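Colleague: Okay, so here is work32.cif, and as you'll see once you scroll down, it has mmCIF, C-alpha atoms.
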data_structure
loop_
_atom_site.label_atom_id
_atom_site.label_comp_id
_atom_site.auth_asym_id
_atom_site.auth_seq_id
_atom_site.Cartn_x
_atom_site.Cartn_y
_atom_site.Cartn_z
CA MET F 1 15.32 12.11 -46.26
CA ALA F 2 13.35 9.38 -44.64
CA VAL F 3 14.59 8.33 -41.25
CA PRO F 4 14.37 4.59 -40.78
CA ALA F 5 11.88 3.54 -38.13
CA PRO F 6 13.65 2.50 -34.93
CA ALA F 7 13.93 -1.19 -34.24
CA PRO F 8 11.03 -2.41 -32.08
CA ASP F 9 13.40 -3.22 -29.19
CA ASP F 10 14.61 0.34 -29.20
CA ALA F 11 11.09 1.64 -28.95
CA ALA F 12 10.36 -0.72 -26.07
CA SER F 13 13.40 0.42 -24.14
CA ARG F 14 12.53 4.08 -24.79
CA ALA F 15 9.02 3.37 -23.52
CA ARG F 16 10.42 1.68 -20.46
CA ALA F 17 12.71 4.62 -19.75
CA ALA F 18 9.76 7.00 -20.00
CA ALA F 19 7.61 4.92 -17.63
CA ALA F 20 10.55 4.60 -15.25
CA ARG F 21 10.60 8.39 -14.78
CA VAL F 22 7.24 8.33 -12.96
CA THR F 23 7.62 8.99 -9.26
CA ASP F 24 5.46 7.82 -6.39
CA PRO F 25 3.15 10.70 -5.45
CA GLU F 26 3.50 9.86 -1.77
CA VAL F 27 7.28 9.37 -1.81
CA PRO F 28 8.33 11.72 -4.63
CA VAL F 29 12.01 10.91 -4.18
CA LEU F 30 11.46 7.39 -5.53
CA THR F 31 10.51 6.35 -9.02
CA ILE F 32 8.18 3.43 -9.62
CA ALA F 33 11.19 1.55 -10.97
CA ASP F 34 13.07 2.14 -7.67
CA LEU F 35 10.08 0.81 -5.75
CA GLY F 36 9.70 -2.31 -7.86
CA ILE F 37 6.19 -1.25 -8.94
CA LEU F 38 7.07 -1.05 -12.65
CA HIS F 39 7.01 -4.68 -13.74
CA GLY F 40 6.79 -4.92 -17.51
CA VAL F 41 6.76 -2.64 -20.55
CA GLU F 42 6.03 -4.18 -23.94
CA ILE F 43 4.78 -2.93 -27.26
CA ASP F 44 2.24 -5.19 -28.93
CA GLU F 45 1.62 -5.73 -32.65
CA ALA F 46 -0.94 -2.94 -32.74
CA GLY F 47 1.64 -0.51 -31.39
CA VAL F 48 0.03 -0.25 -27.96
CA VAL F 49 2.48 0.17 -25.09
CA ARG F 50 1.39 -2.37 -22.48
CA VAL F 51 2.65 -1.46 -19.03
CA THR F 52 2.25 -3.85 -16.10
CA ILE F 53 2.48 -2.46 -12.59
CA LEU F 54 2.36 -4.28 -9.26
CA PRO F 55 0.03 -2.90 -6.58
CA THR F 56 1.79 -2.30 -3.24
CA TYR F 57 -0.32 -2.08 -0.07
CA SER F 58 -3.91 -3.09 -0.88
CA GLY F 59 -5.14 0.20 0.47
CA CYS F 60 -2.69 2.41 -1.39
CA PRO F 61 -4.74 5.11 -3.11
CA ALA F 62 -1.82 6.15 -5.34
CA MET F 63 -2.21 3.47 -8.02
CA GLY F 64 -4.62 5.55 -10.10
CA VAL F 65 -2.28 8.54 -10.05
CA ILE F 66 0.66 6.32 -10.94
CA ALA F 67 -1.22 4.90 -13.95
CA LEU F 68 -2.05 8.43 -15.06
CA GLY F 69 1.60 9.44 -14.61
CA ILE F 70 2.71 6.57 -16.83
CA GLU F 71 0.34 7.65 -19.60
CA THR F 72 1.56 11.23 -19.28
CA GLU F 73 5.26 10.38 -19.42
CA LEU F 74 4.78 8.03 -22.36
CA ALA F 75 2.78 10.65 -24.24
CA ARG F 76 5.61 13.13 -23.64
CA ASP F 77 7.92 10.76 -25.51
CA GLY F 78 5.47 10.22 -28.36
CA PHE F 79 3.71 7.04 -27.25
CA ASP F 80 0.00 7.76 -27.64
CA LYS F 81 -1.49 4.31 -27.26
CA VAL F 82 -0.93 3.06 -23.75
CA ALA F 83 -2.64 0.42 -21.62
CA VAL F 84 -1.70 0.13 -17.95
CA ARG F 85 -2.61 -3.08 -16.16
CA LEU F 86 -2.36 -4.00 -12.47
CA SER F 87 -1.00 -7.49 -11.94
CA GLN F 88 -1.51 -9.49 -8.75
CA THR F 89 1.45 -11.66 -9.52
CA PRO F 90 4.26 -11.58 -8.58
CA ALA F 91 3.11 -10.20 -5.23
CA TRP F 92 4.91 -6.95 -4.45
CA SER F 93 6.91 -6.67 -1.25
CA THR F 94 9.43 -4.18 0.13
CA ALA F 95 12.13 -6.73 -0.73
CA MET F 96 11.73 -5.53 -4.34
CA MET F 97 13.15 -2.15 -3.43
CA SER F 98 16.71 -1.61 -4.71
CA ASP F 99 19.66 -0.60 -2.49
CA ALA F 100 19.85 2.71 -4.33
CA ALA F 101 16.18 3.30 -3.52
CA ARG F 102 16.76 2.57 0.16
CA GLU F 103 19.58 5.09 0.25
CA LYS F 104 17.41 7.72 -1.49
CA LEU F 105 14.71 7.17 1.12
CA ARG F 106 17.16 7.60 3.98
CA ALA F 107 18.58 10.79 2.47
CA TYR F 108 15.00 12.09 2.13
CA GLY F 109 14.38 11.53 5.86
CA ILE F 110 12.39 8.29 5.71
CA SER F 111 13.95 5.23 7.29
CA PRO F 112 13.89 2.38 4.76
CA PRO F 113 12.06 -0.90 5.41
CA GLU F 114 13.90 -3.59 7.37
CA ARG F 115 15.46 -6.21 5.16
CA ALA F 116 14.05 -9.19 6.99
CA SER F 117 10.55 -8.56 5.59
CA GLY F 118 7.78 -7.86 8.06
CA LYS F 119 7.24 -11.41 9.17
CA ARG F 120 8.24 -10.77 12.75
CA ALA F 121 6.21 -12.83 15.18
CA LEU F 122 3.28 -11.26 16.95
CA PHE F 123 5.16 -9.99 20.00
CA GLU F 124 8.74 -10.00 18.83
CA ALA F 125 10.64 -6.74 19.30
CA SER F 126 10.76 -4.53 16.22
CA ALA F 127 13.68 -5.15 13.94
CA ASP F 128 16.39 -2.49 13.84
CA VAL F 129 15.07 0.81 12.61
CA THR F 130 17.73 3.50 12.58
CA CYS F 131 17.17 7.22 12.67
CA PRO F 132 17.54 8.66 9.14
CA ARG F 133 18.98 11.88 10.57
CA CYS F 134 21.57 10.86 13.18
CA GLY F 135 21.88 7.14 12.43
CA SER F 136 21.13 6.04 15.99
CA ALA F 137 19.52 2.64 16.51
CA GLU F 138 17.92 3.91 19.73
CA THR F 139 14.50 4.42 18.22
CA GLU F 140 10.94 3.75 19.24
CA ARG F 141 7.68 3.30 17.41
CA LEU F 142 5.05 5.93 18.11
CA SER F 143 2.38 4.54 15.82
CA GLU F 144 2.31 1.69 13.35
CA PHE F 145 0.25 3.92 11.05
CA GLY F 146 1.65 7.15 9.70
CA SER F 147 1.09 9.82 7.11
CA THR F 148 0.41 7.34 4.29
CA ALA F 149 -0.54 3.66 3.99
CA CYS F 150 3.11 2.71 3.51
CA LYS F 151 4.59 4.53 6.50
CA ALA F 152 4.75 4.23 10.29
CA LEU F 153 5.64 6.99 12.74
CA TRP F 154 8.83 6.56 14.79
CA ARG F 155 10.99 8.70 17.06
CA CYS F 156 14.72 8.79 17.68
CA ARG F 157 15.57 8.63 21.37
CA ARG F 158 19.01 10.15 20.83
CA CYS F 159 18.32 13.21 18.68
CA ARG F 160 14.60 13.28 19.65
CA GLU F 161 13.48 13.78 16.05
CA PRO F 162 10.29 12.06 14.93
CA PHE F 163 10.57 10.38 11.54
CA ASP F 164 8.64 8.31 9.04
CA HIS F 165 9.54 4.67 8.61
CA PHE F 166 8.66 2.81 5.42
CA LYS F 167 6.65 -0.19 6.64
CA CYS F 168 8.15 -3.53 5.84
CA VAL F 169 5.83 -6.04 4.16
CA MET X 170 -28.78 -23.04 -1.24
CA THR X 171 -27.74 -20.85 -4.12
CA HIS X 172 -24.36 -19.17 -4.09
CA ALA X 173 -23.40 -15.59 -4.88
CA SER X 174 -22.29 -16.79 -8.31
CA PRO X 175 -22.93 -19.98 -10.32
CA ASN X 176 -19.15 -20.16 -10.79
CA LEU X 177 -17.96 -21.76 -7.55
CA PRO X 178 -14.45 -20.25 -7.31
CA ALA X 179 -15.98 -16.83 -8.03
CA ALA X 180 -18.68 -17.36 -5.39
CA TRP X 181 -16.03 -18.31 -2.85
CA LEU X 182 -13.91 -15.22 -3.60
CA MET X 183 -17.02 -13.03 -3.37
CA ARG X 184 -17.65 -14.37 0.11
CA LEU X 185 -14.11 -13.43 1.14
CA GLY X 186 -14.49 -10.04 -0.47
CA ASP X 187 -17.84 -9.47 1.29
CA ASN X 188 -16.09 -9.97 4.65
CA SER X 189 -13.41 -7.43 3.93
CA LEU X 190 -15.77 -4.91 2.33
CA ILE X 191 -18.25 -4.91 5.20
CA LEU X 192 -15.55 -4.71 7.87
CA GLY X 193 -13.67 -2.10 5.83
CA HIS X 194 -16.81 0.04 5.74
CA ARG X 195 -17.30 -0.40 9.48
CA MET X 196 -13.74 0.84 10.01
CA SER X 197 -14.44 3.88 7.85
CA GLU X 198 -17.22 4.81 10.28
CA TRP X 199 -14.50 5.60 12.83
CA VAL X 200 -12.97 8.32 10.67
CA SER X 201 -12.92 11.56 12.67
CA CYS X 202 -14.33 9.87 15.83
CA ALA X 203 -11.46 7.66 17.06
CA PRO X 204 -10.07 8.25 20.57
CA THR X 205 -6.84 9.89 19.35
CA LEU X 206 -5.50 11.28 16.09
CA GLU X 207 -3.01 8.39 15.72
CA GLU X 208 -5.80 5.87 16.21
CA ASP X 209 -8.03 7.69 13.74
CA ILE X 210 -5.27 7.30 11.16
CA ALA X 211 -4.72 3.67 12.18
CA LEU X 212 -8.38 2.68 11.84
CA SER X 213 -8.79 4.39 8.49
CA ASN X 214 -5.59 2.70 7.33
CA LEU X 215 -6.95 -0.71 8.36
CA GLY X 216 -10.20 0.10 6.57
CA LEU X 217 -8.32 1.10 3.41
CA ASP X 218 -6.39 -2.18 3.40
CA LEU X 219 -9.62 -4.14 3.72
CA ILE X 220 -11.35 -2.24 0.93
CA GLY X 221 -8.24 -2.64 -1.24
CA GLN X 222 -8.25 -6.38 -0.61
CA THR X 223 -11.95 -6.44 -1.52
CA ARG X 224 -11.31 -4.75 -4.84
CA ALA X 225 -8.68 -7.34 -5.80
CA LEU X 226 -10.89 -10.26 -4.70
CA TYR X 227 -14.02 -8.93 -6.44
CA THR X 228 -12.11 -8.14 -9.60
CA ARG X 229 -10.70 -11.67 -9.82
CA ALA X 230 -14.14 -13.12 -8.99
CA CYS X 231 -15.73 -11.13 -11.82
CA GLU X 232 -13.04 -12.28 -14.27
CA LEU X 233 -13.67 -15.91 -13.33
CA GLU X 234 -17.43 -15.49 -13.48
CA ALA X 235 -17.16 -13.84 -16.91
CA ALA X 236 -20.73 -12.54 -16.78
CA GLY X 237 -19.99 -8.86 -17.23
CA ARG X 238 -20.27 -7.91 -13.57
CA THR X 239 -17.74 -5.52 -12.03
CA GLU X 240 -16.43 -4.84 -8.53
CA ASP X 241 -18.72 -1.81 -8.24
CA MET X 242 -21.79 -3.85 -9.16
CA LEU X 243 -20.96 -6.34 -6.42
CA ALA X 244 -20.43 -3.64 -3.83
CA TYR X 245 -23.23 -1.23 -4.72
CA ARG X 246 -25.95 -3.10 -6.59
CA ARG X 247 -26.56 -6.18 -4.52
CA PRO X 248 -29.24 -6.41 -1.84
CA GLU X 249 -28.57 -7.63 1.66
CA GLU X 250 -29.31 -11.31 1.08
CA GLU X 251 -26.77 -11.51 -1.73
CA PHE X 252 -23.97 -10.54 0.64
CA ARG X 253 -22.39 -13.66 2.14
CA ASN X 254 -20.19 -12.16 4.82
CA LEU X 255 -19.73 -13.51 8.34
CA LEU X 256 -22.13 -12.04 10.90
CA LEU X 257 -19.08 -10.97 12.93
CA VAL X 258 -17.99 -8.26 10.50
CA GLU X 259 -21.36 -6.53 10.22
CA GLN X 260 -21.71 -6.01 13.97
CA PRO X 261 -21.75 -2.33 14.91
CA ASN X 262 -18.53 -0.69 16.05
CA GLY X 263 -19.81 -0.17 19.59
CA ASN X 264 -17.17 1.19 21.90
CA PHE X 265 -13.46 1.08 21.07
CA ALA X 266 -12.96 -2.23 22.93
CA GLU X 267 -15.71 -3.84 20.83
CA THR X 268 -14.07 -2.70 17.60
CA MET X 269 -10.70 -4.02 18.75
CA ALA X 270 -12.12 -7.35 19.96
CA ARG X 271 -13.90 -7.79 16.61
CA HIS X 272 -10.69 -6.99 14.76
CA LEU X 273 -8.62 -9.36 16.89
CA ILE X 274 -11.02 -12.22 16.12
CA PHE X 275 -11.12 -11.33 12.42
CA SER X 276 -7.37 -10.92 11.92
CA ALA X 277 -6.50 -14.02 13.97
CA TYR X 278 -8.77 -15.88 11.52
CA MET X 279 -7.79 -14.19 8.26
CA LEU X 280 -4.02 -14.37 8.74
CA PRO X 281 -3.85 -18.20 8.66
CA LEU X 282 -6.51 -18.22 5.91
CA TYR X 283 -4.45 -15.98 3.64
CA GLU X 284 -1.27 -17.89 4.57
CA ALA X 285 -2.94 -21.10 3.36
CA LEU X 286 -4.40 -19.37 0.30
CA LYS X 287 -0.89 -18.46 -0.89
CA GLY X 288 -0.85 -22.02 -2.23
CA SER X 289 -3.96 -21.49 -4.39
CA SER X 290 -3.93 -23.12 -7.82
CA ASP X 291 -4.96 -19.70 -9.20
CA ALA X 292 -1.83 -17.52 -9.54
CA ASP X 293 -3.75 -14.25 -9.14
CA VAL X 294 -5.46 -15.48 -5.99
CA ALA X 295 -2.11 -16.65 -4.61
CA GLY X 296 -0.68 -13.18 -5.30
CA ILE X 297 -3.60 -11.42 -3.59
CA ALA X 298 -3.28 -13.78 -0.61
CA THR X 299 0.46 -13.12 -0.30
CA ARG X 300 0.04 -9.38 -0.02
CA SER X 301 -3.07 -9.66 2.16
CA ALA X 302 -1.28 -11.99 4.60
CA ASN X 303 1.48 -9.40 5.04
CA GLU X 304 -1.16 -6.81 5.83
CA MET X 305 -3.20 -9.01 8.16
CA ALA X 306 -0.01 -9.56 10.20
CA TYR X 307 0.02 -5.91 11.23
CA HIS X 308 -3.76 -5.81 11.63
CA LEU X 309 -3.38 -8.64 14.13
CA ARG X 310 -0.49 -6.91 15.89
CA HIS X 311 -2.41 -3.66 16.21
CA SER X 312 -5.60 -5.22 17.59
CA ALA X 313 -3.65 -7.59 19.86
CA GLU X 314 -1.61 -4.73 21.34
CA TRP X 315 -4.78 -2.79 22.04
CA MET X 316 -6.57 -5.75 23.63
CA ILE X 317 -3.55 -6.23 25.92
CA ARG X 318 -3.48 -2.55 26.82
CA LEU X 319 -7.21 -2.53 27.53
CA GLY X 320 -7.33 -5.88 29.32
CA ASP X 321 -4.25 -5.18 31.42
CA GLY X 322 -5.23 -1.54 31.92
CA THR X 323 -7.74 -0.04 34.34
CA GLY X 324 -10.69 -1.81 35.95
CA GLU X 325 -12.98 -0.03 33.53
CA SER X 326 -11.00 -0.89 30.39
CA HIS X 327 -10.60 -4.51 31.53
CA ALA X 328 -14.34 -4.87 32.13
CA ARG X 329 -15.20 -3.38 28.74
CA ALA X 330 -12.67 -5.52 26.88
CA GLN X 331 -13.97 -8.69 28.57
CA GLU X 332 -17.56 -7.75 27.85
CA ALA X 333 -16.76 -7.07 24.19
CA LEU X 334 -15.08 -10.43 23.84
CA ASP X 335 -17.93 -12.26 25.59
CA ASP X 336 -20.50 -10.61 23.31
CA LEU X 337 -18.66 -11.25 20.07
CA TRP X 338 -17.70 -14.84 20.91
CA ALA X 339 -21.17 -15.92 19.76
CA TYR X 340 -20.08 -15.14 16.18
CA VAL X 341 -16.92 -17.26 16.28
CA PRO X 342 -18.37 -20.72 15.42
CA GLU X 343 -19.56 -19.42 12.04
CA LEU X 344 -15.95 -18.66 11.08
CA PHE X 345 -15.01 -22.32 11.05
CA GLU X 346 -18.05 -23.92 9.48
CA THR X 347 -17.51 -25.75 6.25
CA ASP X 348 -20.19 -25.94 3.57
CA ASP X 349 -20.35 -27.48 0.10
CA LEU X 350 -18.75 -24.39 -1.43
CA ASP X 351 -15.70 -24.53 0.88
CA ARG X 352 -15.36 -28.25 0.24
CA ALA X 353 -15.55 -27.83 -3.52
CA VAL X 354 -12.93 -25.08 -3.78
CA ALA X 355 -10.63 -26.72 -1.21
CA ALA X 356 -10.80 -30.05 -3.06
CA SER X 357 -9.85 -28.40 -6.34
CA GLY X 358 -6.84 -26.63 -4.79
CA PHE X 359 -8.32 -23.19 -5.50
CA GLY X 360 -9.44 -22.29 -1.97
CA VAL X 361 -9.13 -23.14 1.69
CA ASP X 362 -11.42 -25.06 4.06
CA PRO X 363 -11.84 -22.77 7.10
CA ALA X 364 -12.34 -25.74 9.47
CA GLY X 365 -8.58 -26.35 9.30
CA LEU X 366 -7.78 -22.88 10.67
CA ARG X 367 -9.21 -23.39 14.14
CA GLY X 368 -5.92 -24.55 15.72
CA ALA X 369 -3.95 -21.51 14.56
CA PHE X 370 -6.78 -19.20 15.61
CA ASP X 371 -7.04 -20.72 19.09
CA ALA X 372 -3.27 -20.52 19.63
CA THR X 373 -3.17 -16.80 18.71
CA ILE X 374 -6.20 -15.92 20.81
CA SER X 375 -4.88 -17.81 23.86
CA GLU X 376 -1.53 -16.03 23.71
CA VAL X 377 -3.12 -12.59 23.41
CA LEU X 378 -5.73 -13.18 26.11
CA LYS X 379 -3.13 -14.47 28.54
CA ARG X 380 -1.08 -11.31 28.15
CA ALA X 381 -4.24 -9.22 28.33
CA THR X 382 -5.36 -10.96 31.58
CA LEU X 383 -8.69 -11.62 29.85
CA LYS X 384 -10.67 -14.84 30.03
CA ARG X 385 -11.41 -16.85 26.94
CA PRO X 386 -15.21 -16.99 26.75
CA ALA X 387 -16.88 -20.40 26.92
CA ASP X 388 -17.66 -21.83 23.49
CA ARG X 389 -21.34 -21.64 22.71
CA HIS X 390 -23.48 -22.95 19.90
CA GLY X 391 -23.22 -19.53 18.35
CA ILE X 392 -25.17 -17.41 15.91
CA ARG X 393 -24.78 -18.02 12.20
CA GLY X 394 -26.41 -17.23 8.89
CA GLY X 395 -24.35 -14.55 7.14
CA ARG X 396 -22.58 -17.02 4.89
CA LYS X 397 -26.01 -18.13 3.64
CA GLY X 398 -27.27 -14.58 3.18
CA VAL X 399 -29.30 -14.47 6.41
CA HIS X 400 -28.10 -11.37 8.22
CA SER X 401 -28.56 -9.50 11.46
CA GLU X 402 -30.58 -6.28 11.32
CA HIS X 403 -27.34 -4.26 11.18
CA LEU X 404 -26.27 -5.07 7.62
CA GLY X 405 -29.30 -3.51 5.96
CA HIS X 406 -28.78 -0.22 7.77
CA MET X 407 -25.12 -0.22 6.82
CA LEU X 408 -25.84 -0.94 3.15
CA ALA X 409 -28.42 1.83 3.06
CA THR X 410 -25.61 4.27 3.83
CA MET X 411 -22.90 2.56 1.82
CA GLN X 412 -24.99 2.12 -1.33
CA HIS X 413 -26.99 5.33 -1.16
CA LEU X 414 -25.11 7.28 -3.79
CA GLN X 415 -25.05 4.53 -6.41
CA ARG X 416 -28.72 3.71 -5.77
CA ALA X 417 -29.80 7.34 -6.07
CA TYR X 418 -27.53 8.16 -9.02
CA PRO X 419 -26.72 4.88 -10.79
CA ASP X 420 -23.37 4.88 -12.61
CA ALA X 421 -22.35 8.20 -11.08
CA VAL X 422 -18.61 8.75 -11.52
CA TRP X 423 -16.18 11.35 -10.20
#
Could you rewrite the structure in this file as structure tokens?

Modeller:
Amino acid sequence: MAVPAPAPDDAASRARAAAARVTDPEVPVLTIADLGILHGVEIDEAGVVRVTILPTYSGCPAMGVIALGIETELARDGFDKVAVRLSQTPAWSTAMMSDAAREKLRAYGISPPERASGKRALFEASADVTCPRCGSAETERLSEFGSTACKALWRCRRCREPFDHFKCV
Amino acid sequence: MTHASPNLPAAWLMRLGDNSLILGHRMSEWVSCAPTLEEDIALSNLGLDLIGQTRALYTRACELEAAGRTEDMLAYRRPEEEFRNLLLVEQPNGNFAETMARHLIFSAYMLPLYEALKGSSDADVAGIATRSANEMAYHLRHSAEWMIRLGDGTGESHARAQEALDDLWAYVPELFETDDLDRAVAASGFGVDPAGLRGAFDATISEVLKRATLKRPADRHGIRGGRKGVHSEHLGHMLATMQHLQRAYPDAVW
């Protein structure tokens, strides 16, 4: 018996769910949907799934892997024709990260970006960065540049643990 | 004078992209030779940002030009005189103080430029400028903190930081010169006239130098030419390295 083809909206939401499973290769605890990188998923008249992603830090080398991950996850769910496009607008910022994503980061051991976006003045003290392990606000920056383009290296002065901090931009 | 592209907005974006590409490559030359591991990571991170910004600027320029060129063709297939970067960014890395002084000057200039470019009539350019401004803010912070540490450090570090600043100050006037291309894109709302950035630049530099106990060098007539394609001897040597692979094996891919 022939199964009726799903309504186009259904297919689009299935495609979106597939793309939303892709995780960031540098922060594997977060999906690209958590990060705000996944911007749009549409299916055009020719049946091509058109995915729009927002680049994060200009120097982030993960965008190619993320695009490949999107194609892989869509193929897994039966979408063979996929086009991934980087869009410069809207400009991504850490403000696009959801509360759930921030909590996932903290649980993973990375302190989430400050909420006030990184616009602190040149010599203003760093905004509150709390230790993801013991919760102390007595922290200090060791280096503004850490293990990846999106992270800085900090240390907790109470529990003495070093930790990664997701840079706020 | 002919521009890098007959399409004026594209030519203007290429000039911006040339600045960030050439400085980004210079930063990459520090990889594995920086004074500490943290600084090695920092300098390569700054270089990555600059090269990432270049890719976005070149890509948009090529779309506007619509002549079939790509970001790789701009980076790897153009000879020296077709690059329109500021002479400042092609200067050799020198010692660490020279690299930091060069980066302080560059980021104190680019931050207000990108801030102003957020209002571009081109939505893509405004988006690129928004993200790049966020990044230039921490480029400026990093180079400013180092200049303060060096200037307010030992006699030796102070002397080297002052000497670096004095040497590079000759390249500052070129940053703020306006030509017909700047005027055309600024008038149309697409781009920014760099002459208007001098006040913000001076204010940042004064604040940093005061904390660093360094003297602001006297303004001189300065050395210029990069924005017209007339370069110092250093660019050609740099391009020979940077373009070698694509020149020897055109269209090579991973």

Colleague: Could you list, as a JSON list (two decimals) with C-alpha atoms, keeping the file's coordinate frame, every residue within 10 Å of Asn264 of chain X, counting all atoms listed in the file and ignoring same-chain residues fewer than 3 positions away?

Modeller:
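Output saved as around-v6.json:
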[["chain", "number", "residue", "atom", "x", "y", "z"],
["X", 203, "ALA", "CA", -11.46, 7.66, 17.06],
["X", 261, "PRO", "CA", -21.75, -2.33, 14.91],
["X", 267, "GLU", "CA", -15.71, -3.84, 20.83],
["X", 268, "THR", "CA", -14.07, -2.70, 17.60],
["X", 269, "MET", "CA", -10.70, -4.02, 18.75],
["X", 329, "ARG", "CA", -15.20, -3.38, 28.74],
["X", 330, "ALA", "CA", -12.67, -5.52, 26.88],
["X", 333, "ALA", "CA", -16.76, -7.07, 24.19]]

Colleague: One decimal, Å: what's the distance from atom CA of Ala313 of chain X over to atom CA of Gly263 of chain X, could you say?

Modeller: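 Those two atoms sit 17.8 Å apart.
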
Colleague: May I have a table of the residues of chain X lying at most 8 Å from chain F, giving each one's closest pair of atoms and their distance in Å to one decimal, counting only C-alpha atoms, ordered by chain and ascending residue number, as CSV?

Modeller:
residue,atom,partner,partner_atom,distance
X:Glu207,CA,F:Ser143,CA,6.6
X:Ile210,CA,F:Phe145,CA,6.5
X:Ala211,CA,F:Phe145,CA,5.1
X:Asn214,CA,F:Ala149,CA,6.1
X:Gly216,CA,F:Gly59,CA,7.9
X:Leu217,CA,F:Gly59,CA,4.4
X:Asp218,CA,F:Gly59,CA,4.0
X:Leu219,CA,F:Gly59,CA,7.0
X:Ile220,CA,F:Gly59,CA,6.7
X:Gly221,CA,F:Ser58,CA,4.4
X:Gln222,CA,F:Ser58,CA,5.5
X:Ala292,CA,F:Thr89,CA,6.7
X:Asp293,CA,F:Gln88,CA,5.3
X:Val294,CA,F:Gln88,CA,7.7
X:Ala295,CA,F:Thr89,CA,7.9
X:Gly296,CA,F:Ala91,CA,4.8
X:Ile297,CA,F:Gln88,CA,5.9
X:Thr299,CA,F:Ala91,CA,6.3
X:Arg300,CA,F:Ala91,CA,6.1
X:Ser301,CA,F:Ser58,CA,7.3
X:Asn303,CA,F:Val169,CA,5.6
X:Glu304,CA,F:Val169,CA,7.2
X:Ala306,CA,F:Lys119,CA,7.6
X:Leu309,CA,F:Leu122,CA,7.7
X:Arg310,CA,F:Leu122,CA,5.9
X:His311,CA,F:Glu144,CA,7.7

Colleague: I'd like the interatomic distance between atom CA of Tyr283 of chain X and atom CA of Glu232 of chain X, to a tenth of an Å.

Modeller: 20.2 Å

Colleague: Return the single residue from F:Ala11, F:Val22, F:Ile37, F:Ala107 that is closest to Leu68 of chain F, with distances computed using only C-alpha atoms.

Modeller: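 Of the candidates, the smallest distance to Leu68 of chain F is held by F:Val22.
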
Colleague: Skipping near chain neighbours, those fewer than 5 positions away, what residues fall within 10 Å of Ser290 of chain X using only C-alpha atoms, listed as a list in words?

Modeller: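 Answer for this query is Ala295, Ser357, Gly358, Phe359 and Gly360 of chain X.
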
Colleague: Within 7 Å of Glu140 of chain F, counting all atoms listed in the file, which residues show up once you throw out same-chain ones fewer than 3 positions away? Write them as a PyMOL selection string, please.

Modeller: chain F and resi 154-156

Colleague: Report, in Å with one decimal, the straight-line distance from atom CA of Thr239 of chain X to atom CA of Gly288 of chain X.

Modeller: 25.6 Å

Colleague: Near Leu177 of chain X, within 12 Å and counting all atoms listed in the file, which residues show up once chain neighbours fewer than 4 positions away are dropped, as number ranges by chain?

Modeller: X: 171-173, 181-184, 230-231, 233-234, 349-357, 359-360

Colleague: Find, counting all atoms listed in the file, the residue in X:Leu273, X:Val200, X:His400, X:Ala285 that gets nearest to Leu334 of chain X.

Modeller: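 Ranked by minimum distance to Leu334 of chain X, first place goes to X:Leu273.
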
Colleague: Show me, as a PyMOL selection string, the residues that have an atom within 10 Å of segment 320-326 of chain X when counting only C-alpha atoms, minus same-chain residues fewer than 4 positions from it.

Modeller: chain X and resi 265-266+314-316+330-332+377-384

Colleague: Identify the residues around (7.5, 3.2, 2.6) within a radius of 7 Å, measuring from all atoms listed in the file in the coordinates stated by the file, and give them as a list in words.

Modeller: Pro112, Pro113, Cys150, Lys151, His165, Phe166 and Lys167 of chain F

Colleague: Can you rebuild segment 38-47 of chain F with N, CA and C atoms and give it as an mmCIF file, in the coordinates of the input?

Modeller:
data_model
loop_
_atom_site.group_PDB
_atom_site.id
_atom_site.type_symbol
_atom_site.label_atom_id
_atom_site.label_comp_id
_atom_site.auth_asym_id
_atom_site.auth_seq_id
_atom_site.Cartn_x
_atom_site.Cartn_y
_atom_site.Cartn_z
ATOM 1 N N LEU F 38 7.075 -0.913 -11.183
ATOM 2 C CA LEU F 38 7.070 -1.050 -12.650
ATOM 3 C C LEU F 38 7.550 -2.460 -12.986
ATOM 4 N N HIS F 39 6.655 -3.275 -13.528
ATOM 5 C CA HIS F 39 7.010 -4.680 -13.740
ATOM 6 C C HIS F 39 7.368 -4.972 -15.191
ATOM 7 N N GLY F 40 6.517 -4.596 -16.116
ATOM 8 C CA GLY F 40 6.790 -4.920 -17.510
ATOM 9 C C GLY F 40 6.369 -3.801 -18.454
ATOM 10 N N VAL F 41 7.144 -3.610 -19.505
ATOM 11 C CA VAL F 41 6.760 -2.640 -20.550
ATOM 12 C C VAL F 41 6.982 -3.342 -21.890
ATOM 13 N N GLU F 42 5.918 -3.520 -22.634
ATOM 14 C CA GLU F 42 6.030 -4.180 -23.940
ATOM 15 C C GLU F 42 5.209 -3.403 -24.950
ATOM 16 N N ILE F 43 5.584 -3.549 -26.203
ATOM 17 C CA ILE F 43 4.780 -2.930 -27.260
ATOM 18 C C ILE F 43 4.184 -4.056 -28.101
ATOM 19 N N ASP F 44 2.854 -4.073 -28.201
ATOM 20 C CA ASP F 44 2.240 -5.190 -28.930
ATOM 21 C C ASP F 44 2.186 -4.910 -30.434
ATOM 22 N N GLU F 45 1.623 -5.856 -31.187
ATOM 23 C CA GLU F 45 1.620 -5.730 -32.650
ATOM 24 C C GLU F 45 0.849 -4.514 -33.129
ATOM 25 N N ALA F 46 -0.145 -4.098 -32.343
ATOM 26 C CA ALA F 46 -0.940 -2.940 -32.740
ATOM 27 C C ALA F 46 -0.265 -1.625 -32.340
ATOM 28 N N GLY F 47 0.937 -1.723 -31.772
ATOM 29 C CA GLY F 47 1.640 -0.510 -31.390
ATOM 30 C C GLY F 47 1.240 0.047 -30.032
#
